[in-house]
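Colleague: My file is entry_4.cif. It has mmCIF, N, CA and C atoms:
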```cif
data_query
loop_
_atom_site.label_atom_id
_atom_site.label_comp_id
_atom_site.auth_asym_id
_atom_site.auth_seq_id
_atom_site.Cartn_x
_atom_site.Cartn_y
_atom_site.Cartn_z
N GLN U 272 87.62 95.47 87.91
CA GLN U 272 89.04 95.30 88.10
C GLN U 272 89.67 94.83 86.78
N VAL U 273 90.69 95.54 86.35
CA VAL U 273 91.37 95.21 85.10
C VAL U 273 92.64 94.44 85.42
N GLN U 274 92.85 93.35 84.73
CA GLN U 274 94.08 92.58 84.86
C GLN U 274 94.94 92.80 83.63
N LEU U 275 96.26 92.97 83.87
CA LEU U 275 97.19 93.18 82.78
C LEU U 275 98.33 92.16 82.91
N VAL U 276 98.67 91.54 81.81
CA VAL U 276 99.74 90.54 81.82
C VAL U 276 100.71 90.84 80.69
N GLU U 277 101.95 91.16 81.06
CA GLU U 277 102.98 91.44 80.07
C GLU U 277 103.70 90.16 79.65
N SER U 278 104.22 90.19 78.45
CA SER U 278 105.05 89.09 77.95
C SER U 278 105.98 89.64 76.88
N GLY U 279 106.99 88.83 76.54
CA GLY U 279 107.88 89.21 75.44
C GLY U 279 109.24 89.71 75.85
N GLY U 280 109.48 89.83 77.15
CA GLY U 280 110.81 90.26 77.58
C GLY U 280 111.85 89.18 77.35
N GLY U 281 113.11 89.53 77.58
CA GLY U 281 114.18 88.56 77.41
C GLY U 281 115.53 89.22 77.35
N LEU U 282 116.51 88.44 76.94
CA LEU U 282 117.88 88.90 76.80
C LEU U 282 118.18 89.09 75.32
N VAL U 283 118.73 90.25 74.98
CA VAL U 283 119.04 90.56 73.59
C VAL U 283 120.33 91.36 73.54
N GLN U 284 121.05 91.23 72.46
CA GLN U 284 122.27 92.01 72.29
C GLN U 284 121.94 93.44 71.87
N ALA U 285 122.84 94.34 72.17
CA ALA U 285 122.66 95.73 71.74
C ALA U 285 122.44 95.78 70.24
N GLY U 286 121.49 96.62 69.83
CA GLY U 286 121.12 96.72 68.43
C GLY U 286 119.98 95.81 68.03
N GLY U 287 119.63 94.89 68.91
CA GLY U 287 118.55 93.95 68.63
C GLY U 287 117.18 94.52 68.91
N SER U 288 116.18 93.65 68.76
CA SER U 288 114.78 94.07 68.91
C SER U 288 114.03 93.11 69.81
N LEU U 289 113.01 93.64 70.45
CA LEU U 289 112.05 92.84 71.21
C LEU U 289 110.68 93.47 71.03
N ARG U 290 109.67 92.64 71.14
CA ARG U 290 108.29 93.13 71.12
C ARG U 290 107.59 92.70 72.40
N LEU U 291 107.19 93.66 73.19
CA LEU U 291 106.44 93.37 74.40
C LEU U 291 104.95 93.42 74.12
N SER U 292 104.23 92.55 74.78
CA SER U 292 102.78 92.54 74.69
C SER U 292 102.19 92.69 76.08
N CYS U 293 101.03 93.29 76.13
CA CYS U 293 100.30 93.44 77.38
C CYS U 293 98.84 93.11 77.12
N ALA U 294 98.43 91.94 77.57
CA ALA U 294 97.05 91.50 77.39
C ALA U 294 96.22 91.94 78.59
N THR U 295 95.06 92.48 78.32
CA THR U 295 94.20 92.97 79.40
C THR U 295 92.88 92.20 79.43
N SER U 296 92.26 92.19 80.60
CA SER U 296 90.95 91.57 80.75
C SER U 296 90.25 92.23 81.93
N GLY U 297 88.94 92.09 81.95
CA GLY U 297 88.18 92.55 83.09
C GLY U 297 87.72 93.98 83.04
N GLY U 298 87.91 94.65 81.91
CA GLY U 298 87.47 96.04 81.82
C GLY U 298 87.20 96.43 80.38
N THR U 299 86.83 97.68 80.19
CA THR U 299 86.60 98.18 78.84
C THR U 299 87.91 98.78 78.34
N PHE U 300 88.63 97.98 77.57
CA PHE U 300 90.00 98.33 77.17
C PHE U 300 90.06 99.69 76.49
N SER U 301 89.10 99.98 75.63
CA SER U 301 89.18 101.19 74.82
C SER U 301 89.04 102.46 75.63
N GLN U 302 88.57 102.38 76.85
CA GLN U 302 88.37 103.60 77.65
C GLN U 302 89.65 104.02 78.37
N TYR U 303 90.70 103.21 78.31
CA TYR U 303 91.93 103.51 79.03
C TYR U 303 93.03 104.01 78.10
N VAL U 304 93.78 104.95 78.60
CA VAL U 304 95.08 105.24 78.01
C VAL U 304 96.03 104.14 78.51
N MET U 305 96.76 103.55 77.61
CA MET U 305 97.67 102.47 77.98
C MET U 305 99.10 102.98 77.95
N GLY U 306 99.80 102.77 79.04
CA GLY U 306 101.16 103.25 79.15
C GLY U 306 102.16 102.13 79.38
N TRP U 307 103.39 102.42 79.02
CA TRP U 307 104.52 101.54 79.33
C TRP U 307 105.51 102.32 80.19
N PHE U 308 105.93 101.69 81.25
CA PHE U 308 106.95 102.25 82.13
C PHE U 308 108.07 101.24 82.26
N ARG U 309 109.18 101.70 82.80
CA ARG U 309 110.28 100.77 83.09
C ARG U 309 110.98 101.20 84.36
N GLN U 310 111.61 100.21 84.98
CA GLN U 310 112.33 100.47 86.22
C GLN U 310 113.61 99.66 86.24
N ALA U 311 114.73 100.36 86.28
CA ALA U 311 116.03 99.72 86.38
C ALA U 311 116.41 99.61 87.86
N PRO U 312 117.30 98.70 88.20
CA PRO U 312 117.70 98.55 89.60
C PRO U 312 118.22 99.85 90.18
N GLY U 313 117.70 100.21 91.34
CA GLY U 313 118.15 101.41 92.03
C GLY U 313 117.62 102.71 91.48
N LYS U 314 116.73 102.60 90.50
CA LYS U 314 116.18 103.81 89.88
C LYS U 314 114.66 103.85 90.04
N GLU U 315 114.11 105.04 89.85
CA GLU U 315 112.67 105.20 89.92
C GLU U 315 112.02 104.69 88.63
N ARG U 316 110.76 104.34 88.77
CA ARG U 316 110.00 103.92 87.59
C ARG U 316 109.81 105.13 86.68
N GLU U 317 110.05 104.92 85.39
CA GLU U 317 109.97 106.05 84.46
C GLU U 317 109.06 105.74 83.28
N PHE U 318 108.43 106.79 82.82
CA PHE U 318 107.55 106.70 81.66
C PHE U 318 108.35 106.36 80.41
N VAL U 319 107.80 105.46 79.59
CA VAL U 319 108.43 105.11 78.33
C VAL U 319 107.57 105.55 77.15
N ALA U 320 106.31 105.15 77.15
CA ALA U 320 105.42 105.44 76.03
C ALA U 320 103.98 105.27 76.47
N ALA U 321 103.09 105.87 75.71
CA ALA U 321 101.66 105.71 75.96
C ALA U 321 100.90 105.89 74.67
N ILE U 322 99.70 105.32 74.65
CA ILE U 322 98.85 105.44 73.47
C ILE U 322 97.43 105.73 73.93
N LYS U 323 96.85 106.72 73.31
CA LYS U 323 95.54 107.24 73.71
C LYS U 323 94.52 106.92 72.63
N TRP U 324 93.37 106.48 73.07
CA TRP U 324 92.27 106.17 72.16
C TRP U 324 91.11 107.09 72.48
N PRO U 325 90.33 107.60 71.49
CA PRO U 325 90.46 107.33 70.06
C PRO U 325 91.60 108.12 69.42
N GLY U 326 91.92 107.71 68.21
CA GLY U 326 92.92 108.44 67.45
C GLY U 326 94.31 107.83 67.48
N ASN U 327 94.52 106.84 68.38
CA ASN U 327 95.85 106.23 68.49
C ASN U 327 96.94 107.29 68.60
N ILE U 328 96.74 108.24 69.48
CA ILE U 328 97.74 109.28 69.71
C ILE U 328 98.84 108.69 70.58
N ARG U 329 100.08 108.84 70.12
CA ARG U 329 101.22 108.20 70.79
C ARG U 329 102.14 109.23 71.44
N TYR U 330 102.70 108.84 72.55
CA TYR U 330 103.64 109.69 73.27
C TYR U 330 104.85 108.83 73.66
N TYR U 331 106.04 109.45 73.64
CA TYR U 331 107.27 108.73 73.98
C TYR U 331 108.20 109.61 74.81
N ARG U 332 108.99 108.96 75.64
CA ARG U 332 110.07 109.71 76.26
C ARG U 332 111.12 109.94 75.18
N ASP U 333 111.91 111.00 75.36
CA ASP U 333 112.82 111.41 74.30
C ASP U 333 113.83 110.33 73.94
N SER U 334 114.31 109.60 74.93
CA SER U 334 115.41 108.66 74.69
C SER U 334 114.98 107.43 73.87
N VAL U 335 113.68 107.24 73.68
CA VAL U 335 113.23 106.08 72.90
C VAL U 335 112.57 106.48 71.58
N LYS U 336 112.41 107.77 71.37
CA LYS U 336 111.78 108.22 70.12
C LYS U 336 112.59 107.74 68.92
N GLY U 337 111.89 107.22 67.94
CA GLY U 337 112.55 106.72 66.74
C GLY U 337 113.01 105.28 66.87
N ARG U 338 113.00 104.73 68.08
CA ARG U 338 113.42 103.34 68.29
C ARG U 338 112.26 102.47 68.77
N PHE U 339 111.37 103.03 69.57
CA PHE U 339 110.25 102.27 70.14
C PHE U 339 108.95 102.72 69.47
N THR U 340 108.04 101.79 69.34
CA THR U 340 106.72 102.09 68.80
C THR U 340 105.66 101.42 69.67
N VAL U 341 104.73 102.22 70.16
CA VAL U 341 103.62 101.68 70.94
C VAL U 341 102.40 101.57 70.03
N SER U 342 101.66 100.49 70.19
CA SER U 342 100.45 100.28 69.40
C SER U 342 99.43 99.53 70.24
N ARG U 343 98.21 99.52 69.80
CA ARG U 343 97.17 98.81 70.53
C ARG U 343 96.21 98.17 69.55
N ASP U 344 95.65 97.05 69.97
CA ASP U 344 94.64 96.35 69.20
C ASP U 344 93.41 96.23 70.10
N ASN U 345 92.45 97.10 69.87
CA ASN U 345 91.27 97.12 70.75
C ASN U 345 90.45 95.84 70.62
N ALA U 346 90.51 95.20 69.47
CA ALA U 346 89.75 93.96 69.28
C ALA U 346 90.33 92.83 70.14
N LYS U 347 91.65 92.89 70.38
CA LYS U 347 92.31 91.86 71.19
C LYS U 347 92.59 92.33 72.61
N ASN U 348 92.19 93.55 72.92
CA ASN U 348 92.45 94.11 74.25
C ASN U 348 93.92 94.02 74.63
N THR U 349 94.77 94.35 73.69
CA THR U 349 96.21 94.19 73.88
C THR U 349 96.94 95.44 73.41
N VAL U 350 97.98 95.78 74.15
CA VAL U 350 98.87 96.87 73.76
C VAL U 350 100.26 96.29 73.58
N TYR U 351 101.01 96.88 72.65
CA TYR U 351 102.34 96.37 72.29
C TYR U 351 103.37 97.47 72.42
N LEU U 352 104.59 97.04 72.62
CA LEU U 352 105.73 97.96 72.57
C LEU U 352 106.82 97.29 71.74
N GLN U 353 106.98 97.77 70.52
CA GLN U 353 108.04 97.28 69.65
C GLN U 353 109.29 98.08 69.94
N MET U 354 110.35 97.37 70.31
CA MET U 354 111.59 98.04 70.70
C MET U 354 112.70 97.62 69.75
N ASN U 355 113.20 98.58 69.01
CA ASN U 355 114.28 98.34 68.05
C ASN U 355 115.55 99.08 68.48
N THR U 356 116.64 98.67 67.89
CA THR U 356 117.95 99.30 68.18
C THR U 356 118.15 99.44 69.69
N LEU U 357 117.96 98.36 70.39
CA LEU U 357 118.05 98.39 71.84
C LEU U 357 119.46 98.70 72.31
N LYS U 358 119.53 99.38 73.44
CA LYS U 358 120.79 99.79 74.04
C LYS U 358 120.89 99.20 75.45
N PRO U 359 122.09 99.04 75.97
CA PRO U 359 122.22 98.53 77.34
C PRO U 359 121.45 99.36 78.35
N GLU U 360 121.34 100.65 78.12
CA GLU U 360 120.61 101.52 79.05
C GLU U 360 119.10 101.30 79.01
N ASP U 361 118.62 100.51 78.08
CA ASP U 361 117.20 100.14 78.05
C ASP U 361 116.90 98.97 79.00
N THR U 362 117.93 98.40 79.58
CA THR U 362 117.74 97.28 80.51
C THR U 362 116.91 97.70 81.71
N ALA U 363 115.83 96.97 81.95
CA ALA U 363 114.91 97.30 83.05
C ALA U 363 113.79 96.27 83.08
N VAL U 364 113.00 96.35 84.13
CA VAL U 364 111.71 95.66 84.13
C VAL U 364 110.70 96.60 83.50
N TYR U 365 109.98 96.10 82.51
CA TYR U 365 108.99 96.90 81.80
C TYR U 365 107.59 96.54 82.27
N TYR U 366 106.81 97.57 82.53
CA TYR U 366 105.45 97.41 83.02
C TYR U 366 104.47 98.08 82.07
N CYS U 367 103.32 97.46 81.89
CA CYS U 367 102.23 98.18 81.24
C CYS U 367 101.23 98.59 82.31
N ALA U 368 100.48 99.64 82.01
CA ALA U 368 99.55 100.18 82.99
C ALA U 368 98.39 100.84 82.26
N ALA U 369 97.27 100.94 82.97
CA ALA U 369 96.05 101.51 82.41
C ALA U 369 95.67 102.76 83.17
N LEU U 370 95.38 103.81 82.41
CA LEU U 370 95.05 105.12 82.97
C LEU U 370 93.65 105.52 82.53
N SER U 371 92.78 105.84 83.50
CA SER U 371 91.40 106.18 83.15
C SER U 371 91.19 107.68 82.98
N ARG U 372 91.95 108.51 83.65
CA ARG U 372 91.75 109.97 83.58
C ARG U 372 93.01 110.61 83.02
N TRP U 373 92.96 110.86 81.73
CA TRP U 373 94.15 111.32 81.02
C TRP U 373 94.40 112.81 81.21
N SER U 374 95.66 113.13 81.36
CA SER U 374 96.18 114.48 81.20
C SER U 374 97.65 114.28 80.85
N THR U 375 98.28 115.32 80.35
CA THR U 375 99.69 115.16 79.97
C THR U 375 100.54 114.88 81.20
N THR U 376 100.14 115.42 82.33
CA THR U 376 100.88 115.15 83.57
C THR U 376 100.62 113.75 84.07
N ALA U 377 99.36 113.37 84.10
CA ALA U 377 99.00 112.04 84.60
C ALA U 377 99.65 110.94 83.76
N MET U 378 99.74 111.18 82.48
CA MET U 378 100.26 110.16 81.57
C MET U 378 101.66 109.72 81.95
N VAL U 379 102.49 110.62 82.47
CA VAL U 379 103.88 110.30 82.77
C VAL U 379 104.10 110.04 84.27
N THR U 380 103.03 109.99 85.04
CA THR U 380 103.13 109.85 86.50
C THR U 380 102.63 108.48 86.92
N PRO U 381 103.50 107.61 87.42
CA PRO U 381 103.07 106.25 87.76
C PRO U 381 101.89 106.19 88.73
N ASN U 382 101.88 107.06 89.73
CA ASN U 382 100.83 107.00 90.74
C ASN U 382 99.44 107.34 90.20
N GLU U 383 99.37 107.93 89.01
CA GLU U 383 98.07 108.29 88.44
C GLU U 383 97.40 107.10 87.75
N TYR U 384 98.16 106.05 87.47
CA TYR U 384 97.61 104.92 86.75
C TYR U 384 96.78 104.03 87.68
N ASP U 385 95.74 103.45 87.10
CA ASP U 385 94.77 102.69 87.90
C ASP U 385 95.16 101.23 88.07
N PHE U 386 95.74 100.65 87.04
CA PHE U 386 96.05 99.22 87.08
C PHE U 386 97.42 98.98 86.47
N TRP U 387 98.09 97.94 86.98
CA TRP U 387 99.45 97.61 86.55
C TRP U 387 99.59 96.12 86.28
N GLY U 388 100.47 95.80 85.35
CA GLY U 388 100.88 94.42 85.17
C GLY U 388 102.02 94.08 86.11
N GLN U 389 102.47 92.83 86.02
CA GLN U 389 103.48 92.35 86.94
C GLN U 389 104.90 92.67 86.47
N GLY U 390 105.03 93.05 85.22
CA GLY U 390 106.34 93.42 84.69
C GLY U 390 107.02 92.28 83.95
N THR U 391 107.87 92.64 83.00
CA THR U 391 108.66 91.66 82.26
C THR U 391 110.08 92.21 82.12
N GLN U 392 111.06 91.35 82.35
CA GLN U 392 112.46 91.79 82.34
C GLN U 392 112.98 91.91 80.91
N VAL U 393 113.63 93.03 80.65
CA VAL U 393 114.34 93.22 79.39
C VAL U 393 115.81 93.48 79.72
N THR U 394 116.69 92.67 79.19
CA THR U 394 118.11 92.83 79.43
C THR U 394 118.83 92.96 78.09
N VAL U 395 119.58 94.05 77.94
CA VAL U 395 120.30 94.31 76.71
C VAL U 395 121.80 94.22 77.01
N SER U 396 122.47 93.30 76.39
CA SER U 396 123.90 93.12 76.63
C SER U 396 124.71 93.92 75.62
N SER U 397 125.86 94.38 76.07
CA SER U 397 126.71 95.20 75.19
C SER U 397 127.68 94.35 74.39
#
```
Go through the file and emit its structure as structure tokens.
Modeller:
Amino acid sequence: QVQLVESGGGLVQAGGSLRLSCATSGGTFSQYVMGWFRQAPGKEREFVAAIKWPGNIRYYRDSVKGRFTVSRDNAKNTVYLQMNTLKPEDTAVYYCAALSRWSTTAMVTPNEYDFWGQGTQVTVSS
């Protein structure tokens, strides 16, 4: 059983930055594709970014490309999401998740992920 704990959320003004962290334990971190999702009130959970090992191959939804960067530190069993130039529409609860069986479809599908964190709130004020 893999445990994931997110941190780093908060309130920031538009144009600001936040760095989310997701610390994992209880599994072999390097064997998982690590994803970030978000869910705004009244909306479905949506894919934000993912990073695949080996090779640190990164994937992003179009609306965050050039603003968000996903990274991972296998030695610390931690994945990060650096969020720059934040916009009010980025406001949501952000979740990290671990995926054991990668495909391009599975990567963007919440139900395909094996383990989830509890989420961290990100609020961007205009």
Colleague: Could you list, as a list in words, every residue within 6.5 Å of Tyr366 in chain U, counting only N, CA and C atoms and ignoring same-chain residues fewer than 5 positions away?
Modeller: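 Final neighbour list, sorted by chain and number: Gly306, Trp307, Phe308, Arg309, Gln310, Gly388, Gln389, Gly390 and Thr391 of chain U.
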Colleague: As an exercise, work out the distance from atom N of Gly279 in chain U to CA of Tyr365 in chain U in Å and give it to one decimal place.
Modeller: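 Between atom N of Gly279 in chain U and CA of Tyr365 in chain U the gap is 9.8 Å.
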Colleague: Each residue of range 296-360 of chain U lying at most 8 Å from range 368-386 of chain U should get a row with its shortest atom-to-atom pair and the distance in Å to one decimal, counting all atoms listed in the file; could you produce that, ordered by chain and increasing number, as CSV?
Modeller:
```
residue,atom,partner,partner_atom,distance
U:Gln302,C,U:Ser371,CA,5.5
U:Tyr303,CA,U:Leu370,C,4.4
U:Val304,C,U:Leu370,N,4.0
U:Met305,CA,U:Ala368,C,4.6
U:Gly306,C,U:Ala368,N,4.0
U:Trp307,N,U:Ala368,N,5.0
U:Phe308,N,U:Ala368,N,5.9
U:Arg316,C,U:Pro381,N,6.8
U:Glu317,C,U:Val379,C,6.6
U:Phe318,CA,U:Val379,CA,5.3
U:Val319,N,U:Val379,CA,7.0
U:Ala320,C,U:Met378,C,7.4
U:Ala321,CA,U:Met378,C,7.2
```
Colleague: Calculate how many Å separate CA of Met354 in chain U from CA of Val273 in chain U, rounding to one decimal.
Modeller: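 Computed distance, CA of Met354 in chain U to CA of Val273 in chain U, equals 25.0 Å.
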Colleague: Which of these, U:Ile328, U:Val393, U:Ile322, U:Leu291, has the shortest distance to Tyr351 in chain U once you count only N, CA and C atoms?
Modeller: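 That would be U:Leu291, the residue with the smallest distance to Tyr351 in chain U.
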Colleague: Please identify the strand (DSSP E) residues within range 299-351 of chain U (assignment by DSSP from backbone atoms) and present them as a ChimeraX atom specification.
Modeller: /U:304-310,317-323,328-331,339-344,349-351
Colleague: Apply the PyMOL selection byres ((chain U and resi 397) around 7) to the displayed file and report the matching residues as a list in words.
Modeller: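 Expected selection for the PyMOL selection byres ((chain U and resi 397) around 7) here is Val283, Gln284, Ala285, Lys358, Pro359, Val395 and Ser396 of chain U.
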Colleague: Could you please take those selected residues and save N, CA and C atoms as an mmCIF file, in the frame of the given file?
Modeller:
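The result, written out as result_14.cif:
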```
data_model
loop_
_atom_site.group_PDB
_atom_site.id
_atom_site.type_symbol
_atom_site.label_atom_id
_atom_site.label_comp_id
_atom_site.auth_asym_id
_atom_site.auth_seq_id
_atom_site.Cartn_x
_atom_site.Cartn_y
_atom_site.Cartn_z
ATOM 1 N N VAL U 283 118.730 90.250 74.980
ATOM 2 C CA VAL U 283 119.040 90.560 73.590
ATOM 3 C C VAL U 283 120.330 91.360 73.540
ATOM 4 N N GLN U 284 121.050 91.230 72.460
ATOM 5 C CA GLN U 284 122.270 92.010 72.290
ATOM 6 C C GLN U 284 121.940 93.440 71.870
ATOM 7 N N ALA U 285 122.840 94.340 72.170
ATOM 8 C CA ALA U 285 122.660 95.730 71.740
ATOM 9 C C ALA U 285 122.440 95.780 70.240
ATOM 10 N N LYS U 358 119.530 99.380 73.440
ATOM 11 C CA LYS U 358 120.790 99.790 74.040
ATOM 12 C C LYS U 358 120.890 99.200 75.450
ATOM 13 N N PRO U 359 122.090 99.040 75.970
ATOM 14 C CA PRO U 359 122.220 98.530 77.340
ATOM 15 C C PRO U 359 121.450 99.360 78.350
ATOM 16 N N VAL U 395 119.580 94.050 77.940
ATOM 17 C CA VAL U 395 120.300 94.310 76.710
ATOM 18 C C VAL U 395 121.800 94.220 77.010
ATOM 19 N N SER U 396 122.470 93.300 76.390
ATOM 20 C CA SER U 396 123.900 93.120 76.630
ATOM 21 C C SER U 396 124.710 93.920 75.620
#
```
Colleague: Could you state the separation of CA of Lys336 in chain U and CA of Cys367 in chain U in Å, given to one decimal place?
Modeller: 17.8 Å
Colleague: Going by the chain IDs and residue numbers used in this file, which residues fall under the PyMOL selection byres (((chain U and resi 343 and name CA) around 10) and name CA)? Write them as an MDAnalysis selection string.
Modeller: chainID U and resid 292:293 300:301 305 321:324 327 341:342 344:352
Colleague: Given the block above, output range 312-354 of chain U with C-alpha atoms as a PDB file, in the first residue's frame.
Modeller:
```pdb
ATOM      1  CA  PRO U 312     -15.999  22.995  -7.016  1.00  0.00           C
ATOM      2  CA  GLY U 313     -18.756  21.546  -9.164  1.00  0.00           C
ATOM      3  CA  LYS U 314     -16.327  20.205 -11.726  1.00  0.00           C
ATOM      4  CA  GLU U 315     -14.840  16.818 -12.509  1.00  0.00           C
ATOM      5  CA  ARG U 316     -11.322  15.916 -11.500  1.00  0.00           C
ATOM      6  CA  GLU U 317      -8.976  16.743 -14.357  1.00  0.00           C
ATOM      7  CA  PHE U 318      -5.484  15.758 -15.354  1.00  0.00           C
ATOM      8  CA  VAL U 319      -2.821  18.413 -14.851  1.00  0.00           C
ATOM      9  CA  ALA U 320       0.580  16.787 -15.324  1.00  0.00           C
ATOM     10  CA  ALA U 321       2.456  13.524 -15.030  1.00  0.00           C
ATOM     11  CA  ILE U 322       6.019  12.305 -15.012  1.00  0.00           C
ATOM     12  CA  LYS U 323       7.166   8.898 -16.162  1.00  0.00           C
ATOM     13  CA  TRP U 324      10.280   7.075 -15.058  1.00  0.00           C
ATOM     14  CA  PRO U 325      12.791   6.173 -16.445  1.00  0.00           C
ATOM     15  CA  GLY U 326      13.620   9.154 -18.563  1.00  0.00           C
ATOM     16  CA  ASN U 327      11.633  11.770 -16.626  1.00  0.00           C
ATOM     17  CA  ILE U 328       9.173  12.049 -19.499  1.00  0.00           C
ATOM     18  CA  ARG U 329       6.696  14.817 -18.702  1.00  0.00           C
ATOM     19  CA  TYR U 330       3.142  15.392 -19.828  1.00  0.00           C
ATOM     20  CA  TYR U 331       0.893  18.431 -19.276  1.00  0.00           C
ATOM     21  CA  ARG U 332      -2.600  19.554 -20.030  1.00  0.00           C
ATOM     22  CA  ASP U 333      -2.559  22.340 -22.585  1.00  0.00           C
ATOM     23  CA  SER U 334      -3.735  25.090 -20.244  1.00  0.00           C
ATOM     24  CA  VAL U 335      -0.720  24.704 -17.933  1.00  0.00           C
ATOM     25  CA  LYS U 336       2.031  24.151 -20.490  1.00  0.00           C
ATOM     26  CA  GLY U 337       4.771  26.716 -20.070  1.00  0.00           C
ATOM     27  CA  ARG U 338       3.556  27.634 -16.576  1.00  0.00           C
ATOM     28  CA  PHE U 339       3.717  24.377 -14.592  1.00  0.00           C
ATOM     29  CA  THR U 340       6.642  22.001 -14.236  1.00  0.00           C
ATOM     30  CA  VAL U 341       6.410  18.496 -12.817  1.00  0.00           C
ATOM     31  CA  SER U 342       9.526  16.844 -11.412  1.00  0.00           C
ATOM     32  CA  ARG U 343      10.416  13.906  -9.220  1.00  0.00           C
ATOM     33  CA  ASP U 344      13.201  12.980  -6.842  1.00  0.00           C
ATOM     34  CA  ASN U 345      13.421   9.209  -6.663  1.00  0.00           C
ATOM     35  CA  ALA U 346      15.925   9.387  -3.808  1.00  0.00           C
ATOM     36  CA  LYS U 347      13.367  11.267  -1.692  1.00  0.00           C
ATOM     37  CA  ASN U 348      10.321   9.424  -3.046  1.00  0.00           C
ATOM     38  CA  THR U 349       8.764  12.788  -3.784  1.00  0.00           C
ATOM     39  CA  VAL U 350       7.124  14.418  -6.774  1.00  0.00           C
ATOM     40  CA  TYR U 351       6.738  18.175  -7.203  1.00  0.00           C
ATOM     41  CA  LEU U 352       4.562  20.542  -9.155  1.00  0.00           C
ATOM     42  CA  GLN U 353       6.024  23.998  -9.633  1.00  0.00           C
ATOM     43  CA  MET U 354       3.242  26.372 -10.609  1.00  0.00           C
TER      44      MET U 354
END
```
